[in-house]
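Structure data (JSON, C-alpha atoms) from data-v1.json:
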```json
[["chain", "number", "residue", "atom", "x", "y", "z"],
["A", 236, "MET", "CA", 13.84, 8.28, 23.68],
["A", 237, "GLN", "CA", 11.58, 9.96, 21.20],
["A", 238, "GLU", "CA", 7.90, 9.92, 20.30],
["A", 239, "ILE", "CA", 5.43, 11.37, 17.83],
["A", 240, "SER", "CA", 4.96, 14.96, 18.90],
["A", 241, "ARG", "CA", 2.66, 16.30, 16.19],
["A", 242, "LYS", "CA", -1.02, 15.75, 16.87],
["A", 243, "GLY", "CA", -3.49, 14.37, 14.36],
["A", 244, "PHE", "CA", -1.99, 11.02, 13.42],
["A", 245, "GLY", "CA", -5.17, 9.35, 14.64],
["A", 246, "ASN", "CA", -6.98, 10.86, 11.66],
["A", 247, "VAL", "CA", -4.57, 9.04, 9.37],
["A", 248, "LEU", "CA", -4.99, 5.73, 11.18],
["A", 249, "ASN", "CA", -8.78, 6.02, 11.16],
["A", 250, "CYS", "CA", -8.76, 5.52, 7.40],
["A", 251, "ILE", "CA", -7.77, 1.91, 8.00],
["A", 252, "THR", "CA", -10.98, -0.07, 7.99],
["A", 253, "GLY", "CA", -9.95, -3.63, 7.27],
["A", 254, "ASP", "CA", -10.65, -5.24, 10.61],
["A", 255, "SER", "CA", -12.70, -8.12, 9.34],
["A", 256, "LEU", "CA", -11.08, -10.28, 6.71],
["A", 257, "SER", "CA", -14.32, -12.21, 6.17],
["A", 258, "HIS", "CA", -15.79, -9.17, 4.46],
["A", 259, "THR", "CA", -12.85, -8.30, 2.30],
["A", 260, "PRO", "CA", -12.46, -9.21, -1.37],
["A", 261, "ALA", "CA", -9.26, -11.08, -0.56],
["A", 262, "CYS", "CA", -11.12, -13.53, 1.65],
["A", 263, "SER", "CA", -14.05, -13.78, -0.71],
["A", 264, "SER", "CA", -11.69, -14.83, -3.45],
["A", 265, "ILE", "CA", -10.18, -17.49, -1.21],
["A", 266, "PHE", "CA", -13.64, -18.91, -0.57],
["A", 267, "SER", "CA", -14.67, -18.76, -4.19],
["A", 268, "GLN", "CA", -11.50, -20.50, -5.31],
["A", 269, "ALA", "CA", -11.89, -23.16, -2.67],
["A", 270, "VAL", "CA", -15.50, -24.08, -3.32],
["A", 271, "HIS", "CA", -16.38, -22.94, -6.81],
["A", 272, "PRO", "CA", -15.97, -25.82, -9.26],
["A", 273, "THR", "CA", -15.33, -23.48, -12.18],
["A", 274, "ALA", "CA", -12.64, -21.47, -10.43],
["A", 275, "GLY", "CA", -9.95, -23.64, -11.95],
["A", 276, "VAL", "CA", -8.85, -25.15, -8.67],
["A", 277, "GLN", "CA", -7.85, -28.79, -8.93],
["A", 278, "LEU", "CA", -9.18, -30.68, -5.95],
["A", 279, "GLU", "CA", -7.20, -33.70, -4.85],
["A", 280, "TYR", "CA", -8.96, -36.76, -3.55],
["A", 281, "ASP", "CA", -7.56, -39.50, -1.38],
["A", 282, "PHE", "CA", -9.83, -41.97, -3.13],
["A", 283, "ALA", "CA", -10.76, -42.69, -6.71],
["A", 284, "PRO", "CA", -14.14, -41.37, -7.89],
["A", 285, "THR", "CA", -16.81, -44.10, -7.82],
["A", 286, "GLN", "CA", -17.65, -45.46, -11.25],
["A", 287, "ARG", "CA", -21.28, -46.10, -12.16],
["B", 219, "MET", "CA", -4.52, -31.19, -0.18],
["B", 220, "GLN", "CA", -5.23, -27.90, -1.90],
["B", 221, "ILE", "CA", -8.22, -26.99, 0.28],
["B", 222, "LEU", "CA", -6.10, -27.24, 3.42],
["B", 223, "VAL", "CA", -3.61, -24.80, 1.94],
["B", 224, "TYR", "CA", -6.36, -22.24, 1.38],
["B", 225, "ASP", "CA", -7.73, -22.81, 4.88],
["B", 226, "GLU", "CA", -4.31, -22.31, 6.44],
["B", 227, "ALA", "CA", -3.81, -19.07, 4.52],
["B", 228, "MET", "CA", -7.23, -17.87, 5.57],
["B", 229, "VAL", "CA", -6.71, -18.70, 9.23],
["B", 230, "THR", "CA", -3.29, -17.12, 9.21],
["B", 231, "ASN", "CA", -4.71, -13.96, 7.71],
["B", 232, "LEU", "CA", -7.61, -13.91, 10.15],
["B", 233, "ALA", "CA", -5.22, -14.27, 13.07],
["B", 234, "LYS", "CA", -2.98, -11.57, 11.65],
["B", 235, "LYS", "CA", -5.96, -9.26, 11.32],
["B", 236, "ALA", "CA", -7.26, -9.92, 14.80],
["B", 237, "MET", "CA", -3.91, -9.41, 16.50],
["B", 238, "THR", "CA", -2.74, -6.28, 14.77],
["B", 239, "THR", "CA", -3.37, -2.73, 15.95],
["B", 240, "LYS", "CA", -4.07, 0.10, 13.54],
["B", 241, "GLY", "CA", -0.50, 1.29, 14.00],
["B", 242, "GLN", "CA", 0.83, -2.13, 12.99],
["B", 243, "LYS", "CA", -1.58, -2.20, 10.08],
["B", 244, "ALA", "CA", -0.29, 1.18, 8.92],
["B", 245, "CYS", "CA", 3.23, -0.31, 8.92],
["B", 246, "LEU", "CA", 2.03, -3.31, 6.89],
["B", 247, "VAL", "CA", 0.18, -1.08, 4.42],
["B", 248, "ILE", "CA", 3.35, 0.96, 3.86],
["B", 249, "ASP", "CA", 5.37, -2.27, 3.43],
["B", 250, "HIS", "CA", 2.94, -3.51, 0.76],
["B", 251, "LEU", "CA", 3.06, -0.16, -1.04],
["B", 252, "VAL", "CA", 6.86, -0.29, -1.03],
["B", 253, "GLU", "CA", 6.62, -3.78, -2.55],
["B", 254, "ALA", "CA", 4.18, -2.48, -5.15],
["B", 255, "LEU", "CA", 6.55, 0.33, -6.11],
["B", 256, "GLY", "CA", 9.70, -1.59, -6.95],
["B", 257, "ASN", "CA", 10.82, -2.03, -3.33],
["B", 258, "ASP", "CA", 11.80, 1.61, -3.34],
["B", 259, "PRO", "CA", 10.93, 3.33, -0.03],
["B", 260, "SER", "CA", 11.99, 6.64, -1.57],
["B", 261, "SER", "CA", 8.79, 6.51, -3.63],
["B", 262, "SER", "CA", 6.56, 9.43, -2.75],
["B", 263, "LEU", "CA", 3.10, 9.06, -1.26],
["B", 264, "ARG", "CA", 1.92, 10.84, -4.40],
["B", 265, "ARG", "CA", 3.38, 8.08, -6.57],
["B", 266, "ALA", "CA", 1.52, 5.53, -4.45],
["B", 267, "LEU", "CA", -1.66, 7.58, -4.87],
["B", 268, "ILE", "CA", -1.25, 7.51, -8.66],
["B", 269, "LEU", "CA", -0.75, 3.74, -8.60],
["B", 270, "VAL", "CA", -3.95, 3.33, -6.58],
["B", 271, "ASP", "CA", -5.82, 5.50, -9.06],
["B", 272, "ILE", "CA", -4.55, 3.45, -12.00],
["B", 273, "ASP", "CA", -5.73, 0.26, -10.28],
["B", 274, "GLN", "CA", -9.10, 1.85, -9.50],
["B", 275, "TYR", "CA", -9.61, 2.94, -13.12],
["B", 276, "PRO", "CA", -8.06, 0.22, -15.35],
["B", 277, "GLY", "CA", -7.35, 1.51, -18.85],
["B", 278, "THR", "CA", -7.31, 5.12, -17.69],
["B", 279, "THR", "CA", -5.33, 7.78, -19.56],
["B", 280, "GLN", "CA", -2.92, 10.35, -18.12],
["B", 281, "THR", "CA", -5.59, 12.99, -18.68],
["B", 282, "GLY", "CA", -7.99, 11.02, -16.52],
["B", 283, "ILE", "CA", -5.44, 10.75, -13.71],
["B", 284, "MET", "CA", -4.62, 14.46, -13.94],
["B", 285, "GLU", "CA", -8.29, 15.39, -13.66],
["B", 286, "ARG", "CA", -9.01, 13.10, -10.74],
["B", 287, "LEU", "CA", -5.88, 13.77, -8.68],
["B", 288, "HIS", "CA", -5.18, 17.38, -9.74],
["B", 289, "ILE", "CA", -1.56, 16.63, -10.55],
["B", 290, "HIS", "CA", 0.44, 18.77, -12.98],
["B", 291, "LYS", "CA", 1.17, 17.14, -16.33],
["B", 292, "SER", "CA", 4.96, 17.25, -16.09],
["B", 293, "ALA", "CA", 4.96, 15.79, -12.58],
["B", 294, "LEU", "CA", 2.58, 13.04, -13.66],
["B", 295, "ASN", "CA", 4.72, 12.29, -16.73],
["B", 296, "ARG", "CA", 7.73, 11.70, -14.50],
["B", 297, "GLU", "CA", 5.82, 9.37, -12.21],
["B", 298, "ILE", "CA", 4.29, 7.42, -15.11],
["B", 299, "ASP", "CA", 7.73, 7.03, -16.74],
["B", 300, "TRP", "CA", 9.17, 5.77, -13.46],
["B", 301, "MET", "CA", 6.37, 3.24, -12.94],
["B", 302, "PHE", "CA", 6.64, 2.03, -16.53],
["B", 303, "ASN", "CA", 10.41, 1.59, -16.27],
["B", 304, "TYR", "CA", 10.02, -0.38, -13.04],
["B", 305, "GLY", "CA", 7.36, -2.66, -14.52],
["B", 306, "CYS", "CA", 4.55, -1.39, -12.30],
["B", 307, "ILE", "CA", 2.26, -0.46, -15.18],
["B", 308, "MET", "CA", 1.75, -1.30, -18.82],
["B", 309, "MET", "CA", 0.52, 0.99, -21.56],
["B", 310, "ALA", "CA", -1.35, 0.44, -24.82],
["B", 311, "ASP", "CA", -2.72, 2.74, -27.51],
["B", 312, "ALA", "CA", -6.21, 3.99, -26.72],
["B", 313, "GLU", "CA", -8.81, 2.96, -29.28],
["B", 314, "HIS", "CA", -10.55, 6.33, -29.58],
["B", 315, "ASP", "CA", -7.38, 8.44, -29.69],
["B", 316, "GLY", "CA", -4.10, 7.26, -31.16],
["B", 317, "ARG", "CA", -2.13, 9.82, -29.15],
["B", 318, "ALA", "CA", -3.51, 8.68, -25.80],
["B", 319, "LYS", "CA", -2.25, 5.65, -23.91],
["B", 320, "LYS", "CA", -4.37, 3.33, -21.80],
["B", 321, "ILE", "CA", -2.62, 2.56, -18.53],
["B", 322, "GLU", "CA", -3.03, -0.53, -16.35],
["B", 323, "ILE", "CA", -1.33, -1.80, -13.24],
["B", 324, "CYS", "CA", 0.47, -5.12, -13.68],
["B", 325, "GLY", "CA", 2.67, -7.80, -12.15],
["B", 326, "TYR", "CA", 4.08, -7.43, -8.67],
["B", 327, "SER", "CA", 2.54, -4.00, -8.29],
["B", 328, "ARG", "CA", -0.94, -5.44, -8.63],
["B", 329, "THR", "CA", -0.10, -8.08, -6.01],
["B", 330, "GLY", "CA", 1.40, -5.59, -3.56],
["B", 331, "LEU", "CA", -1.44, -3.12, -3.92],
["B", 332, "LYS", "CA", -4.05, -5.82, -3.50],
["B", 333, "ALA", "CA", -2.43, -6.79, -0.20],
["B", 334, "ALA", "CA", -2.48, -3.14, 0.91],
["B", 335, "LEU", "CA", -6.12, -2.75, -0.11],
["B", 336, "ASP", "CA", -7.00, -5.64, 2.17],
["B", 337, "TYR", "CA", -6.64, -3.20, 5.08],
["B", 338, "PHE", "CA", -9.21, -0.87, 3.55],
["B", 339, "ASP", "CA", -11.98, -3.35, 2.80],
["B", 340, "GLY", "CA", -10.77, -3.32, -0.80],
["B", 341, "GLU", "CA", -11.96, 0.28, -1.18],
["B", 342, "HIS", "CA", -9.63, 2.39, -3.29],
["B", 343, "GLU", "CA", -11.14, 5.61, -1.97],
["B", 344, "ASN", "CA", -10.20, 4.63, 1.59],
["B", 345, "ILE", "CA", -6.54, 3.98, 0.80],
["B", 346, "LYS", "CA", -6.47, 7.21, -1.22],
["B", 347, "MET", "CA", -7.78, 9.07, 1.82],
["B", 348, "PHE", "CA", -5.11, 7.35, 3.95],
["B", 349, "LEU", "CA", -2.37, 8.56, 1.59],
["B", 350, "GLN", "CA", -3.80, 12.07, 1.31],
["B", 351, "ARG", "CA", -4.20, 12.47, 5.06],
["B", 352, "PHE", "CA", -0.69, 11.10, 5.60],
["B", 353, "THR", "CA", 0.64, 13.66, 3.12],
["B", 354, "GLN", "CA", -1.19, 16.47, 4.89],
["B", 355, "TYR", "CA", 0.03, 15.21, 8.26],
["B", 356, "ILE", "CA", 3.72, 15.14, 7.29],
["B", 357, "LYS", "CA", 3.49, 18.59, 5.66],
["B", 358, "GLN", "CA", 6.56, 18.09, 3.50],
["B", 359, "GLU", "CA", 6.71, 18.96, -0.17],
["B", 360, "LYS", "CA", 7.13, 15.36, -1.25],
["B", 361, "PRO", "CA", 6.83, 12.90, 1.64],
["B", 362, "THR", "CA", 8.03, 9.38, 0.93],
["B", 363, "LEU", "CA", 6.96, 5.91, 1.98],
["B", 364, "ARG", "CA", 10.12, 5.88, 4.15],
["B", 365, "ASP", "CA", 8.83, 8.93, 6.05],
["B", 366, "ALA", "CA", 5.47, 7.23, 6.47],
["B", 367, "LYS", "CA", 7.11, 4.07, 7.80],
["B", 368, "ILE", "CA", 9.20, 6.04, 10.31],
["B", 369, "ILE", "CA", 6.10, 7.73, 11.71],
["B", 370, "SER", "CA", 4.01, 4.54, 11.72],
["B", 371, "SER", "CA", 6.76, 2.57, 13.46],
["B", 372, "LEU", "CA", 7.32, 5.22, 16.12],
["B", 373, "ASN", "CA", 3.58, 5.52, 16.67],
["B", 374, "GLU", "CA", 3.35, 1.79, 17.18],
["B", 375, "LYS", "CA", 6.28, 1.72, 19.58],
["B", 376, "GLY", "CA", 5.05, 4.72, 21.53],
["B", 377, "ARG", "CA", 8.53, 5.71, 22.62],
["B", 378, "ALA", "CA", 11.73, 4.52, 21.02],
["B", 379, "THR", "CA", 15.27, 5.48, 20.24],
["B", 380, "LYS", "CA", 16.13, 6.70, 16.78],
["B", 381, "GLN", "CA", 18.05, 3.51, 16.09],
["B", 382, "ASP", "CA", 15.08, 1.34, 17.13],
["B", 383, "VAL", "CA", 12.93, 3.08, 14.54],
["B", 384, "ILE", "CA", 15.57, 3.02, 11.83],
["B", 385, "ASP", "CA", 15.97, -0.73, 12.41],
["B", 386, "THR", "CA", 12.36, -1.19, 11.24],
["B", 387, "LEU", "CA", 13.10, 0.47, 7.89],
["B", 388, "TYR", "CA", 14.13, -1.13, 4.64],
["B", 389, "ASP", "CA", 17.52, -2.26, 3.39],
["B", 390, "GLY", "CA", 19.28, 0.74, 2.02],
["B", 391, "PRO", "CA", 21.78, 3.44, 2.84],
["B", 392, "SER", "CA", 21.63, 4.28, 6.54],
["B", 393, "SER", "CA", 22.56, 7.86, 5.68],
["B", 394, "THR", "CA", 19.28, 8.21, 3.77],
["B", 395, "ASP", "CA", 17.30, 6.78, 6.68],
["B", 396, "ASN", "CA", 19.06, 9.10, 9.13],
["B", 397, "ARG", "CA", 18.46, 12.13, 6.94],
["B", 398, "ALA", "CA", 14.74, 11.33, 6.65],
["B", 399, "TYR", "CA", 14.43, 10.81, 10.41],
["B", 400, "ASN", "CA", 16.31, 14.01, 11.22],
["B", 401, "LYS", "CA", 14.11, 16.01, 8.88],
["B", 402, "LEU", "CA", 10.99, 14.78, 10.68],
["B", 403, "VAL", "CA", 12.60, 15.85, 13.98],
["B", 404, "GLU", "CA", 13.50, 19.27, 12.58],
["B", 405, "GLU", "CA", 9.96, 19.79, 11.37],
["B", 406, "GLY", "CA", 8.44, 18.85, 14.72],
["B", 407, "VAL", "CA", 6.74, 15.61, 13.73],
["B", 408, "ILE", "CA", 9.03, 13.70, 16.10],
["B", 409, "GLY", "CA", 10.26, 15.06, 19.43],
["B", 410, "ASP", "CA", 11.90, 14.03, 22.66],
["B", 411, "ALA", "CA", 9.63, 11.93, 24.85],
["B", 412, "ARG", "CA", 8.08, 13.83, 27.72],
["B", 413, "ASP", "CA", 8.15, 12.29, 31.19]]
```
File written out as structure tokens:
Amino acid sequence: MQEISRKGFGNVLNCITGDSLSHTPACSSIFSQAVHPTAGVQLEYDFAPTQR
Amino acid sequence: MQILVYDEAMVTNLAKKAMTTKGQKACLVIDHLVEALGNDPSSSLRRALILVDIDQYPGTTQTGIMERLHIHKSALNREIDWMFNYGCIMMADAEHDGRAKKIEICGYSRTGLKAALDYFDGEHENIKMFLQRFTQYIKQEKPTLRDAKIISSLNEKGRATKQDVIDTLYDGPSSTDNRAYNKLVEEGVIGDARD
């Protein structure tokens, strides 16, 4: 059995900051695509739009 | 239902984030960088650093990269040629100088890097620091993404046999994986587990 024997790897890992997806651009883009009508996302309806 | 697809992806990602340790995240970051660099784990951490810089400064020139990363021209030329040949970047003539080329990340490299950046709050400087600290930690002349994955996997496992770690690596010649692992043992990064 072997293990990491050189110290200091914690300093490398500490650079990783992405704990909260809700604050990352990736998630923001998911939200914007889902709700923004100009984002080019085609919404599918189970019913026909009501005609005036 | 398109919205449900987005929700599922979001929930899956949230769950993935919440359940992963930093060691696991390091493994995932390395995996995404390997994807971004032509699925070649022999790519150096320096090559990954250059790709990050190109994404951070779209339309940059080689001179710009050299100045920011302090990389020698000939070494940078080799890396740029490699990335161009593997479809990681595209180049176009610069408007102000016909001799200079504007460089941009493209295709699967953009996708892979974006996934890696997700673990750094989308901050290029943070992933650059990750790569630079990893390079300093390994203390080899030209550490590769394979080396980084070996260390990240072993860190995550705590203690493991050599074969257990090598099993987490990428498809490729086992002799290359063994050589990389042995070098890390020789240089004292990896050692026998103490009781």
Note to self: Need the shell around Met236 of chain A: protein/DNA/RNA residues with any atom at most 7 Å away, counting all atoms listed in the file. Skip same-chain ones fewer than 6 positions apart. Format as a VMD selection string?
What the structure shows: chain B and resid 377 to 379 410 to 411
With C-alpha atoms retained, could you export that selection as a CSV table (one decimal), in the frame of the given file?
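Everything below was put into out22.csv:
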```
chain,number,residue,atom,x,y,z
B,377,ARG,CA,8.5,5.7,22.6
B,378,ALA,CA,11.7,4.5,21.0
B,379,THR,CA,15.3,5.5,20.2
B,410,ASP,CA,11.9,14.0,22.7
B,411,ALA,CA,9.6,11.9,24.8
```
Per-residue nearest contacts chain A to chain B, cut-off 6 Å, using only C-alpha atoms, as a tab-separated table:
```
residue	atom	partner	partner_atom	distance
A:Met236	CA	B:Thr379	CA	4.7
A:Gln237	CA	B:Asp410	CA	4.3
A:Glu238	CA	B:Arg377	CA	4.8
A:Ile239	CA	B:Ile408	CA	4.6
A:Ser240	CA	B:Ile408	CA	5.1
A:Arg241	CA	B:Val407	CA	4.8
A:Val247	CA	B:Arg351	CA	5.5
A:Cys250	CA	B:Phe348	CA	5.3
A:Ile251	CA	B:Phe338	CA	5.4
A:Thr252	CA	B:Phe338	CA	4.8
A:Gly253	CA	B:Tyr337	CA	4.0
A:Thr259	CA	B:Asp339	CA	5.1
A:Glu279	CA	B:Met219	CA	5.9
```
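Atom CA of Gly256 of chain B is positioned 20.4 Å from atom CA of Asp385 of chain B.
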Notebook entry, point to check: To one decimal place, how far is atom CA of Asp395 of chain B from atom CA of Ile268 of chain B in Å?
Noted result: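 For atom CA of Asp395 of chain B relative to atom CA of Ile268 of chain B, the distance reads 24.1 Å.
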Next item on the list: Report the distance between atom CA of Gly277 of chain B and atom CA of Ser261 of chain B in Å, rounded to one decimal place.
Entry: 22.7 Å
